[in-house]
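File shown here: protein_31.cif, holding mmCIF, C-alpha atoms and all ligand atoms.
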```
data_input
loop_
_atom_site.label_atom_id
_atom_site.label_comp_id
_atom_site.auth_asym_id
_atom_site.auth_seq_id
_atom_site.Cartn_x
_atom_site.Cartn_y
_atom_site.Cartn_z
CA MET A 256 64.35 144.04 97.35
CA GLY A 257 61.17 145.20 95.66
CA ASN A 258 58.11 143.08 95.06
CA ASP A 259 58.84 142.94 91.32
CA GLU A 260 62.11 141.26 92.07
CA LEU A 261 60.26 138.92 94.41
CA GLU A 262 57.88 137.87 91.71
CA SER A 263 60.58 137.45 89.12
CA SER A 264 62.76 135.43 91.47
CA ASN A 265 62.82 131.82 90.39
CA CYS A 266 62.81 130.82 94.06
CA SER A 267 59.11 131.35 94.51
CA ALA A 268 58.05 127.85 93.50
CA GLN A 269 58.21 125.77 96.66
CA LEU A 270 57.91 122.03 96.89
CA GLU A 271 55.95 121.57 100.06
CA SER A 272 55.71 118.47 102.22
CA ILE A 273 52.64 117.42 104.19
CA ASP A 274 53.83 119.13 107.40
CA GLY A 275 54.33 122.40 105.52
CA SER A 276 58.12 122.23 105.45
CA VAL A 277 59.94 123.26 102.31
CA ALA A 278 63.47 122.68 101.04
CA PRO A 279 66.00 123.89 103.62
CA LEU A 280 67.48 127.37 103.32
CA GLN A 281 70.85 127.07 101.61
CA ASP A 282 73.24 129.41 99.87
CA ARG A 283 75.25 128.96 96.68
CA PHE A 284 78.25 127.76 98.70
CA GLY A 285 76.25 124.83 100.07
CA ARG A 286 75.82 126.21 103.57
CA THR A 287 72.53 125.36 105.27
CA PHE A 288 70.95 127.80 107.73
CA ASP A 289 69.22 126.47 110.82
CA TYR A 290 69.74 129.21 113.40
CA VAL A 291 68.27 132.71 113.55
CA ARG A 292 69.33 135.64 115.69
CA ILE A 293 66.49 138.08 116.02
CA ALA A 294 67.11 141.52 117.46
CA ILE A 295 63.75 142.34 119.02
CA ILE A 296 64.55 145.81 120.35
CA GLU A 297 67.20 148.45 119.67
CA LYS A 298 66.95 150.04 123.10
CA CYS A 299 69.22 149.05 125.95
CA ASN A 300 69.46 149.98 129.62
CA LEU A 301 73.27 150.11 129.40
CA ARG A 302 75.51 152.24 127.19
CA CYS A 303 78.58 150.07 126.62
CA THR A 304 81.30 152.15 125.04
CA TYR A 305 81.96 149.61 122.28
CA CYS A 306 78.28 149.43 121.34
CA MET A 307 76.38 152.69 121.73
CA PRO A 308 77.21 156.35 122.17
CA GLU A 309 76.31 157.74 125.59
CA GLU A 310 73.64 160.07 124.27
CA GLY A 311 71.73 160.91 121.14
CA VAL A 312 71.17 157.35 119.90
CA GLU A 313 68.60 157.38 117.12
CA PHE A 314 66.32 154.43 117.67
CA ALA A 315 63.74 153.43 115.08
CA ASP A 316 60.17 154.54 115.86
CA LYS A 317 58.15 151.97 117.81
CA ASN A 318 55.90 151.23 114.85
CA MET A 319 58.96 150.37 112.75
CA ILE A 320 59.87 147.55 115.14
CA LEU A 321 58.34 144.14 114.37
CA ASN A 322 55.44 143.39 116.70
CA THR A 323 54.68 140.11 118.50
CA ASP A 324 52.52 138.70 115.70
CA GLU A 325 55.01 139.62 112.99
CA LEU A 326 57.89 138.06 114.91
CA LEU A 327 56.04 134.84 115.65
CA ARG A 328 54.82 134.61 112.07
CA THR A 329 58.40 134.99 110.83
CA ILE A 330 59.50 132.23 113.20
CA ARG A 331 56.74 129.92 111.95
CA VAL A 332 57.86 130.51 108.37
CA LEU A 333 61.52 130.06 109.25
CA ALA A 334 60.70 126.78 110.98
CA ARG A 335 59.24 125.55 107.68
CA LEU A 336 62.59 126.45 106.09
CA GLY A 337 64.45 124.26 108.56
CA ILE A 338 65.38 126.78 111.25
CA LYS A 339 65.61 124.99 114.60
CA LYS A 340 67.22 127.45 116.95
CA ILE A 341 66.09 130.95 117.87
CA ARG A 342 68.14 133.54 119.72
CA TYR A 343 66.55 136.80 120.81
CA THR A 344 69.01 139.66 121.08
CA GLY A 345 68.85 143.42 121.09
CA GLY A 346 69.48 146.01 122.42
CA GLU A 347 68.32 144.43 125.64
CA PRO A 348 65.62 141.87 124.80
CA LEU A 349 64.24 141.78 128.34
CA MET A 350 63.12 145.40 127.92
CA ARG A 351 60.38 144.17 125.58
CA LYS A 352 57.07 143.83 127.38
CA ASP A 353 56.05 140.82 125.27
CA ILE A 354 59.25 138.87 125.91
CA LEU A 355 57.42 135.99 127.65
CA ASP A 356 54.94 135.71 124.77
CA LEU A 357 57.83 135.71 122.30
CA VAL A 358 59.66 132.95 124.16
CA ARG A 359 56.50 130.88 124.66
CA GLY A 360 55.36 131.40 121.07
CA ALA A 361 58.71 130.43 119.57
CA ASN A 362 58.98 127.45 121.90
CA ASN A 363 55.54 126.22 120.83
CA THR A 364 56.36 126.51 117.12
CA PRO A 365 56.64 123.06 115.50
CA GLY A 366 60.21 122.46 114.38
CA ILE A 367 61.84 124.88 116.84
CA LYS A 368 64.11 122.91 119.15
CA GLY A 369 65.57 125.64 121.31
CA VAL A 370 64.86 129.24 122.26
CA HIS A 371 67.75 131.24 123.70
CA LEU A 372 68.41 134.85 124.50
CA THR A 373 71.33 137.16 125.11
CA THR A 374 70.89 139.66 127.93
CA ASN A 375 72.96 142.11 129.93
CA GLY A 376 71.42 140.52 133.02
CA LEU A 377 70.00 143.62 134.69
CA LEU A 378 66.34 142.66 134.34
CA PHE A 379 66.93 138.92 134.42
CA PRO A 380 66.45 138.23 138.16
CA ARG A 381 62.83 139.40 138.12
CA LEU A 382 61.96 137.46 134.95
CA ALA A 383 64.13 134.36 135.21
CA LYS A 384 61.58 131.88 136.56
CA LYS A 385 58.89 133.03 134.12
CA LEU A 386 61.33 132.75 131.21
CA LEU A 387 62.22 129.21 132.24
CA ASP A 388 58.52 128.31 132.52
CA ALA A 389 57.91 129.85 129.09
CA GLY A 390 60.46 127.41 127.66
CA LEU A 391 63.68 129.41 127.45
CA MET A 392 66.47 126.91 127.06
CA GLY A 393 69.58 129.04 127.12
CA VAL A 394 70.72 132.37 128.39
CA ASN A 395 73.88 134.22 127.42
CA ILE A 396 74.70 136.92 129.93
CA SER A 397 77.05 139.67 128.80
CA LEU A 398 79.66 140.71 131.35
CA ASP A 399 82.97 142.22 130.31
CA THR A 400 84.60 142.73 133.67
CA LEU A 401 84.40 141.46 137.22
CA ASP A 402 85.62 144.78 138.59
CA PRO A 403 82.78 147.13 139.70
CA GLY A 404 84.74 150.27 138.76
CA LYS A 405 85.54 148.97 135.29
CA PHE A 406 81.94 147.79 134.89
CA LYS A 407 80.79 151.36 135.39
CA GLU A 408 83.47 152.62 133.02
CA ILE A 409 82.52 150.30 130.17
CA THR A 410 78.72 150.29 130.59
CA ARG A 411 78.41 153.89 131.84
CA ARG A 412 75.92 152.50 134.42
CA ASP A 413 75.87 150.60 137.74
CA GLY A 414 74.61 147.06 138.05
CA ILE A 415 77.41 144.50 138.31
CA GLU A 416 75.75 142.93 141.39
CA GLU A 417 72.56 142.24 139.42
CA VAL A 418 74.55 140.68 136.57
CA LEU A 419 76.43 138.38 138.94
CA GLU A 420 73.15 137.51 140.65
CA SER A 421 71.69 136.66 137.24
CA ILE A 422 74.49 134.22 136.47
CA ASN A 423 74.05 132.41 139.78
CA LEU A 424 70.28 132.43 139.49
CA ALA A 425 70.32 131.01 135.95
CA VAL A 426 72.45 128.11 137.19
CA LYS A 427 70.35 127.63 140.32
CA LEU A 428 67.09 127.55 138.39
CA GLY A 429 68.54 124.94 136.05
CA PHE A 430 68.59 126.61 132.64
CA PRO A 431 70.09 123.96 130.35
CA ARG A 432 72.64 126.41 128.85
CA VAL A 433 74.17 129.33 130.73
CA LYS A 434 76.95 131.28 129.06
CA ILE A 435 78.84 134.43 129.94
CA ASN A 436 79.84 136.63 126.99
CA VAL A 437 83.03 138.60 127.56
CA VAL A 438 84.18 140.99 124.83
CA LEU A 439 87.92 140.85 125.30
CA MET A 440 89.76 144.14 124.92
CA ARG A 441 93.48 144.61 125.22
CA GLY A 442 94.35 147.12 127.90
CA PHE A 443 90.90 146.83 129.47
CA ASN A 444 90.01 143.32 130.59
CA GLU A 445 92.73 141.12 129.11
CA ASN A 446 94.14 140.72 132.60
CA GLU A 447 90.85 139.15 133.76
CA ILE A 448 91.08 135.96 131.70
CA ALA A 449 92.04 133.92 134.77
CA ALA A 450 89.39 135.54 136.99
CA PHE A 451 86.68 134.72 134.44
CA THR A 452 88.00 131.20 133.98
CA GLU A 453 87.82 130.69 137.74
CA LEU A 454 84.03 131.22 137.51
CA THR A 455 83.93 127.87 135.69
CA LYS A 456 85.53 126.09 138.62
CA ASP A 457 82.24 125.58 140.44
CA LEU A 458 79.63 126.86 138.00
CA PRO A 459 78.55 124.72 135.00
CA VAL A 460 78.67 127.73 132.68
CA THR A 461 80.62 128.48 129.51
CA VAL A 462 82.67 131.66 129.65
CA ARG A 463 83.08 132.90 126.06
CA PHE A 464 85.84 135.35 125.23
CA ILE A 465 84.73 137.21 122.12
CA GLU A 466 87.04 139.09 119.80
CA PHE A 467 86.37 142.81 119.79
CA MET A 468 84.58 143.81 116.56
CA PRO A 469 84.53 147.08 114.60
CA PHE A 470 80.90 147.95 115.38
CA ASP A 471 81.45 150.39 118.21
CA ALA A 472 79.62 153.67 117.88
CA ASP A 473 82.58 155.64 119.18
CA GLN A 474 84.93 153.90 116.73
CA ILE A 475 87.42 153.03 119.47
CA TRP A 476 88.14 149.86 117.49
CA GLU A 477 89.76 151.84 114.71
CA SER A 478 92.90 152.64 116.72
CA GLY A 479 93.72 148.90 116.94
CA ASP A 480 94.82 149.46 120.54
CA HIS A 481 92.16 147.21 122.04
CA PHE A 482 92.10 144.29 119.65
CA ALA A 483 93.33 140.90 120.87
CA SER A 484 93.06 138.07 118.34
CA ALA A 485 91.36 134.78 119.16
CA GLN A 486 94.70 132.99 118.76
CA ASN A 487 96.33 135.38 121.17
CA ILE A 488 93.55 134.80 123.73
CA VAL A 489 93.84 131.02 123.30
CA ASP A 490 97.60 131.22 123.85
CA GLN A 491 97.08 133.18 127.04
CA ILE A 492 94.53 130.68 128.38
CA LYS A 493 96.84 127.77 127.56
CA SER A 494 99.72 129.34 129.41
CA LEU A 495 97.51 130.11 132.43
CA TYR A 496 96.01 126.61 132.53
CA PRO A 497 98.48 123.90 131.55
CA GLY A 498 96.64 120.62 130.95
CA LEU A 499 93.66 122.35 129.40
CA GLU A 500 91.29 119.82 127.81
CA VAL A 501 89.44 120.35 124.53
CA ALA A 502 85.67 120.17 125.13
CA PRO A 503 82.61 119.90 122.88
CA GLY A 504 80.89 123.18 121.94
CA THR A 505 78.72 124.86 119.34
CA ARG A 506 79.81 125.89 115.84
CA THR A 507 80.89 129.39 116.84
CA GLU A 508 82.83 128.02 119.77
CA HIS A 509 85.73 127.22 117.52
CA TYR A 510 88.13 127.01 120.43
CA ILE A 511 86.59 125.43 123.52
CA PHE A 512 88.28 124.06 126.58
CA LYS A 513 87.81 122.89 130.11
CA ALA A 514 90.34 123.39 132.88
CA PRO A 515 91.02 120.00 134.51
CA GLY A 516 88.44 119.28 137.22
CA TYR A 517 86.40 122.43 136.52
CA ALA A 518 82.60 122.28 136.20
CA GLY A 519 82.26 124.68 133.28
CA LYS A 520 83.97 125.49 129.99
CA ILE A 521 85.80 128.38 128.36
CA ALA A 522 85.48 129.28 124.69
CA VAL A 523 87.08 131.80 122.38
CA ILE A 524 84.95 133.24 119.58
CA PRO A 525 86.85 134.52 116.51
CA ALA A 526 84.17 137.10 115.76
CA PHE A 527 86.55 139.37 113.88
CA THR A 528 89.05 136.95 112.38
CA ARG A 529 86.07 135.08 110.93
CA ASN A 530 87.56 131.66 110.35
CA LEU A 531 84.12 130.14 110.91
CA CYS A 532 82.46 131.50 107.80
CA GLY A 533 82.67 128.18 105.95
CA ASN A 534 80.32 126.76 108.59
CA CYS A 535 78.06 129.77 108.88
CA SER A 536 74.54 128.64 109.73
CA ARG A 537 72.96 131.82 111.02
CA ILE A 538 70.32 134.18 109.81
CA ARG A 539 69.98 137.70 111.19
CA LEU A 540 66.90 139.81 111.52
CA THR A 541 67.13 143.40 112.77
CA ALA A 542 64.61 144.84 115.21
CA ASP A 543 63.04 146.93 112.44
CA GLY A 544 62.49 143.91 110.28
CA ALA A 545 65.43 143.78 107.89
CA VAL A 546 67.05 140.48 106.97
CA ARG A 547 70.87 140.63 107.06
CA ASN A 548 72.65 137.79 105.33
CA CYS A 549 75.95 138.40 107.16
CA LEU A 550 77.07 140.28 110.24
CA TYR A 551 79.50 142.21 108.04
CA SER A 552 77.02 143.04 105.29
CA ASP A 553 75.10 146.30 105.34
CA LYS A 554 72.47 145.26 102.84
CA ASP A 555 68.93 145.12 104.20
CA TYR A 556 66.16 142.95 102.78
CA ASP A 557 62.98 144.63 103.93
CA LEU A 558 60.81 141.94 105.52
CA ARG A 559 58.76 144.43 107.53
CA SER A 560 57.39 146.27 104.49
CA LEU A 561 56.70 143.03 102.72
CA MET A 562 54.65 141.74 105.66
CA ARG A 563 52.83 145.03 106.12
CA GLU A 564 51.87 145.00 102.45
CA GLY A 565 50.03 141.75 103.17
CA CYS A 566 52.38 139.16 101.68
CA SER A 567 51.86 135.41 101.81
CA ASP A 568 54.08 133.06 103.79
CA ASP A 569 55.54 131.81 100.50
CA GLU A 570 56.66 135.35 99.68
CA ILE A 571 58.46 135.49 103.02
CA ILE A 572 60.18 132.23 102.12
CA THR A 573 61.14 133.74 98.77
CA LEU A 574 62.63 136.80 100.45
CA PHE A 575 64.83 134.64 102.68
CA ARG A 576 65.92 132.51 99.71
CA TYR A 577 66.72 135.64 97.74
CA ALA A 578 68.69 137.22 100.61
CA TYR A 579 70.67 134.05 101.24
CA GLY A 580 71.17 133.49 97.53
CA GLU A 581 73.12 136.75 97.60
CA LYS A 582 75.19 135.88 100.68
CA ALA A 583 78.92 136.47 100.24
CA LYS A 584 81.46 133.66 100.66
CA ASP A 585 82.64 135.05 103.98
CA GLY A 586 82.58 138.09 106.22
CA PHE A 587 85.57 139.65 104.44
CA GLU A 588 83.79 139.56 101.07
CA ALA A 589 80.63 140.88 102.70
CA LYS A 590 82.55 143.77 104.22
CA LYS A 591 84.24 144.56 100.89
CA LEU A 592 80.87 144.71 99.14
CA SER A 593 79.44 146.85 101.92
CA ASP A 594 82.30 149.34 101.69
CA GLN A 595 81.38 149.96 98.07
CA LYS A 596 77.96 151.37 98.77
CA ILE A 597 75.73 153.08 101.27
CA VAL A 598 72.29 151.53 101.64
CA ASN A 599 69.32 153.71 102.47
CA LEU A 600 66.85 152.33 104.95
CA ASP A 601 63.55 154.03 104.22
CA GLY A 602 65.51 157.26 104.08
CA LEU A 603 65.88 157.10 107.86
CA ARG A 604 69.57 156.60 108.25
CA GLN A 605 72.45 155.68 106.04
CA LEU A 606 74.57 153.18 107.79
CA ARG A 607 74.18 151.04 110.87
CA THR A 608 77.43 151.03 112.76
CA SER A 609 76.32 150.14 116.25
CA MET A 610 75.90 146.55 117.44
CA THR A 611 72.54 147.38 118.95
CA GLN A 612 71.19 148.12 115.49
CA ILE A 613 72.66 145.00 113.88
CA GLY A 614 71.57 142.77 116.69
CA GLY A 615 74.53 141.83 118.86
S1 LIG A 701 81.05 136.83 109.22
FE1 LIG A 701 79.19 136.47 108.02
S2 LIG A 701 79.57 134.55 106.91
FE2 LIG A 701 81.11 134.69 108.56
S3 LIG A 701 80.17 133.52 110.26
FE3 LIG A 701 79.62 135.71 110.56
S4 LIG A 701 77.60 135.95 109.56
FE4 LIG A 701 78.51 134.02 108.83
#
```
Any chance you could put this one into structure tokens?
Amino acid sequence: MGNDELESSNCSAQLESIDGSVAPLQDRFGRTFDYVRIAIIEKCNLRCTYCMPEEGVEFADKNMILNTDELLRTIRVLARLGIKKIRYTGGEPLMRKDILDLVRGANNTPGIKGVHLTTNGLLFPRLAKKLLDAGLMGVNISLDTLDPGKFKEITRRDGIEEVLESINLAVKLGFPRVKINVVLMRGFNENEIAAFTELTKDLPVTVRFIEFMPFDADQIWESGDHFASAQNIVDQIKSLYPGLEVAPGTRTEHYIFKAPGYAGKIAVIPAFTRNLCGNCSRIRLTADGAVRNCLYSDKDYDLRSLMREGCSDDEIITLFRYAYGEKAKDGFEAKKLSDQKIVNLDGLRQLRTSMTQIGG
């Protein structure tokens, strides 16, 4: 979106209350947005096959990535728009040197009720206590297999011991929310549903089985061989654990259960089948400062340039209103619209296909 469009947008007039808040961010379908996922880095210390190619990944230059001040300013503005929950993702967010400042800064922003992050767990043990002290409320640790050989196969690196240590440490230190993200792939880890569920026997964690999505750099999704639907995963869990109880969860945890007598919960996330779109409440910001109004949209709204041109906070608000005014009804519509065009991003690359560029 250019600045001319910004100025001509009829969203720029804001009715402001005494505390600086403005009308909440809503789209034309009546959905209100109160949660932002911010990718703060594209780089990662793993190379998961469904996310990044092994070599030759083109990361944006460092000066293209939003810096600490720009990120915290965006969060302050988003808080005025009614955003309450922040999730830092990547890439691997713990590879950012300013991660503690980002957590502390977001946590100290009036209106923000919870700061969370998603990590692969490798760097977590050495930062965990400091992150907790900085105000981190929740940590989602990605782990797709409990088998060391398969871990190496899928991540192309070692490190399963550190990830398991991270899970135990997060619980021991008392993080209010500890979740384990498992991308479930047929023929790879589908046979580990019970083993993952058993982690919830003694640990108060939520194990989340996530549908495999078509954002893998190597396009292994395309064959269809590895896709297991959320319903299929739910059916498997139900047959493994008769007497499963429905438990409370977040909006994305559409299916959430507890095995009788277990300390933790298991959830299934329909990330591909997208039956949650009617309740969508999330905003996405890429590491290089583009607003994405849907995971399945490839249209970028260039917040970084706007900020670096010296915009006001109200212009940032206008950009978000504009981007969310254009949000499609659901992820299927967004994908259809995206298939019809290729969007240039500062002439740097044509299409983001890897999760690490969209922000996990
Ligand atoms: S697919 Fe798009 S609209 Fe649906 S829940 Fe995800 S981000 Fe929201």
If you count all atoms listed in the file, the residue of A:Lys456, A:Lys405, A:Lys368, A:Lys427 closest to Gly442 of chain A turns out to be A:Lys405
Sorted by chain and rising residue number, list the residues of chain A at most 9 Å from ligand LIG 701 (chain A) (counting only C-alpha atoms and all ligand atoms), each with its closest atom pair and distance in Å to one decimal, as a Markdown table.
```
| residue | atom | partner | partner_atom | distance |
| --- | --- | --- | --- | --- |
| A:Thr507 | CA | A:LIG701 | S3 | 7.8 |
| A:Ala526 | CA | A:LIG701 | FE3 | 7.0 |
| A:Phe527 | CA | A:LIG701 | S1 | 7.6 |
| A:Thr528 | CA | A:LIG701 | S1 | 8.6 |
| A:Arg529 | CA | A:LIG701 | FE2 | 5.5 |
| A:Asn530 | CA | A:LIG701 | FE2 | 7.3 |
| A:Leu531 | CA | A:LIG701 | S3 | 5.2 |
| A:Cys532 | CA | A:LIG701 | FE2 | 3.5 |
| A:Gly533 | CA | A:LIG701 | S2 | 7.1 |
| A:Asn534 | CA | A:LIG701 | S3 | 7.0 |
| A:Cys535 | CA | A:LIG701 | FE4 | 4.3 |
| A:Ser536 | CA | A:LIG701 | FE4 | 6.7 |
| A:Arg537 | CA | A:LIG701 | FE4 | 6.4 |
| A:Ile538 | CA | A:LIG701 | S4 | 7.5 |
| A:Arg539 | CA | A:LIG701 | S4 | 8.0 |
| A:Arg547 | CA | A:LIG701 | S4 | 8.6 |
| A:Asn548 | CA | A:LIG701 | S4 | 6.8 |
| A:Cys549 | CA | A:LIG701 | S4 | 3.8 |
| A:Leu550 | CA | A:LIG701 | S4 | 4.4 |
| A:Tyr551 | CA | A:LIG701 | S1 | 5.7 |
| A:Ser552 | CA | A:LIG701 | FE1 | 7.4 |
| A:Lys582 | CA | A:LIG701 | S2 | 7.7 |
| A:Ala583 | CA | A:LIG701 | S2 | 7.0 |
| A:Lys584 | CA | A:LIG701 | S2 | 6.6 |
| A:Asp585 | CA | A:LIG701 | S2 | 4.3 |
| A:Gly586 | CA | A:LIG701 | S1 | 3.6 |
| A:Phe587 | CA | A:LIG701 | S1 | 7.2 |
| A:Glu588 | CA | A:LIG701 | S2 | 8.8 |
| A:Ala589 | CA | A:LIG701 | FE1 | 7.1 |
| A:Lys590 | CA | A:LIG701 | S1 | 8.7 |
```
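Using only C-alpha atoms for every distance, the candidate list A:Asn318, A:Glu313, A:Glu325, A:Ala522 yields A:Glu325 as the residue closest to Met562 of chain A.
The closest residue to Lys317 of chain A, picked from A:Asp543, A:Thr455, A:Ile409, A:His481 and counting all atoms listed in the file, is A:Asp543.
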Best match for closeness to Thr573 of chain A among A:Leu386, A:Ile273, A:Val312, A:Leu336, counting all atoms listed in the file:
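Between A:Leu386, A:Ile273, A:Val312, A:Leu336, the residue approaching Thr573 of chain A most closely is A:Leu336.
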Within 8 Å of segment 578-580 of chain A, counting all atoms listed in the file, which residues qualify if same-chain residues fewer than 2 places away don't, as a list in words?
Leu280, Gln281, Asp282, Arg283, Val546, Arg547, Asn548, Tyr556, Leu574, Phe575, Arg576 and Lys582 of chain A
Taking all listed atoms of segment 363-372 of chain A, build the axis-aligned box, pad each of the six sides by 6 Å, then write its centre and edge lengths in Å to one decimal as AutoDock Vina command-line options.
```
--center_x 62.0 --center_y 128.7 --center_z 119.4 --size_x 24.9 --size_y 24.4 --size_z 22.1
```
Quick check, in Å to one decimal: how far apart do atom CA of Ser272 of chain A and atom CA of Ala361 of chain A lie?
21.3 Å
Hey, can you check how far atom CA of Asn363 of chain A sits from atom CA of Ile293 of chain A?
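Atom CA of Ile293 of chain A lies at a distance of 16.8 Å from atom CA of Asn363 of chain A.
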If you count all atoms listed in the file, which residues fall within 7 Å of Gly544 of chain A, apart from same-chain ones fewer than 6 positions away, as JSON, numbers by chain?
{"A": [320, 321, 557, 558, 559]}
Given only C-alpha atoms as the basis, pick out the residue of A:Ala315, A:Leu333, A:Ile338, A:Ala450 nearest to Asp399 of chain A.
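Checking each of A:Ala315, A:Leu333, A:Ile338, A:Ala450 against Asp399 of chain A, counting only C-alpha atoms, the winner is A:Ala450.
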Quick one: residues within 9 Å of Ile396 of chain A, only C-alpha atoms, excluding same-chain residues fewer than 3 positions away - as a short mmCIF file (atom, residue, chain, number, x, y, z; two decimals) with C-alpha atoms, in the frame of the given file?
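result-v1.cif written:
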```
data_model
loop_
_atom_site.label_atom_id
_atom_site.label_comp_id
_atom_site.auth_asym_id
_atom_site.auth_seq_id
_atom_site.Cartn_x
_atom_site.Cartn_y
_atom_site.Cartn_z
CA LEU A 372 68.41 134.85 124.50
CA THR A 373 71.33 137.16 125.11
CA THR A 374 70.89 139.66 127.93
CA ASN A 375 72.96 142.11 129.93
CA GLY A 376 71.42 140.52 133.02
CA VAL A 418 74.55 140.68 136.57
CA SER A 421 71.69 136.66 137.24
CA ILE A 422 74.49 134.22 136.47
CA VAL A 433 74.17 129.33 130.73
CA LYS A 434 76.95 131.28 129.06
CA ILE A 435 78.84 134.43 129.94
CA ASN A 436 79.84 136.63 126.99
CA VAL A 437 83.03 138.60 127.56
#
```
With distances taken over only C-alpha atoms, which of A:Gly285, A:Pro525, A:Gly337, A:Gly519 is nearest to Met468 of chain A?
A:Pro525
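Note that the spacing between atom CA of Thr400 of chain A and atom CA of Ile524 of chain A amounts to 17.0 Å.
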Shell around Ala383 of chain A at 10 Å using all atoms listed in the file, local window under 6 positions removed, as a short mmCIF file (atom, residue, chain, number, x, y, z; two decimals) with C-alpha atoms, in the coordinates of the input:
```
data_model
loop_
_atom_site.label_atom_id
_atom_site.label_comp_id
_atom_site.auth_asym_id
_atom_site.auth_seq_id
_atom_site.Cartn_x
_atom_site.Cartn_y
_atom_site.Cartn_z
CA GLY A 376 71.42 140.52 133.02
CA ALA A 389 57.91 129.85 129.09
CA LEU A 391 63.68 129.41 127.45
CA VAL A 394 70.72 132.37 128.39
CA SER A 421 71.69 136.66 137.24
CA LEU A 424 70.28 132.43 139.49
CA ALA A 425 70.32 131.01 135.95
CA LEU A 428 67.09 127.55 138.39
CA PHE A 430 68.59 126.61 132.64
#
```
Set the distance at 10 Å and use all atoms listed in the file: which residues neighbour Ala449 of chain A once local chain neighbours fewer than 2 positions away are removed? I'd like the list as a VMD selection string.
chain A and resid 445 to 447 451 to 454 491 to 492 495 to 496
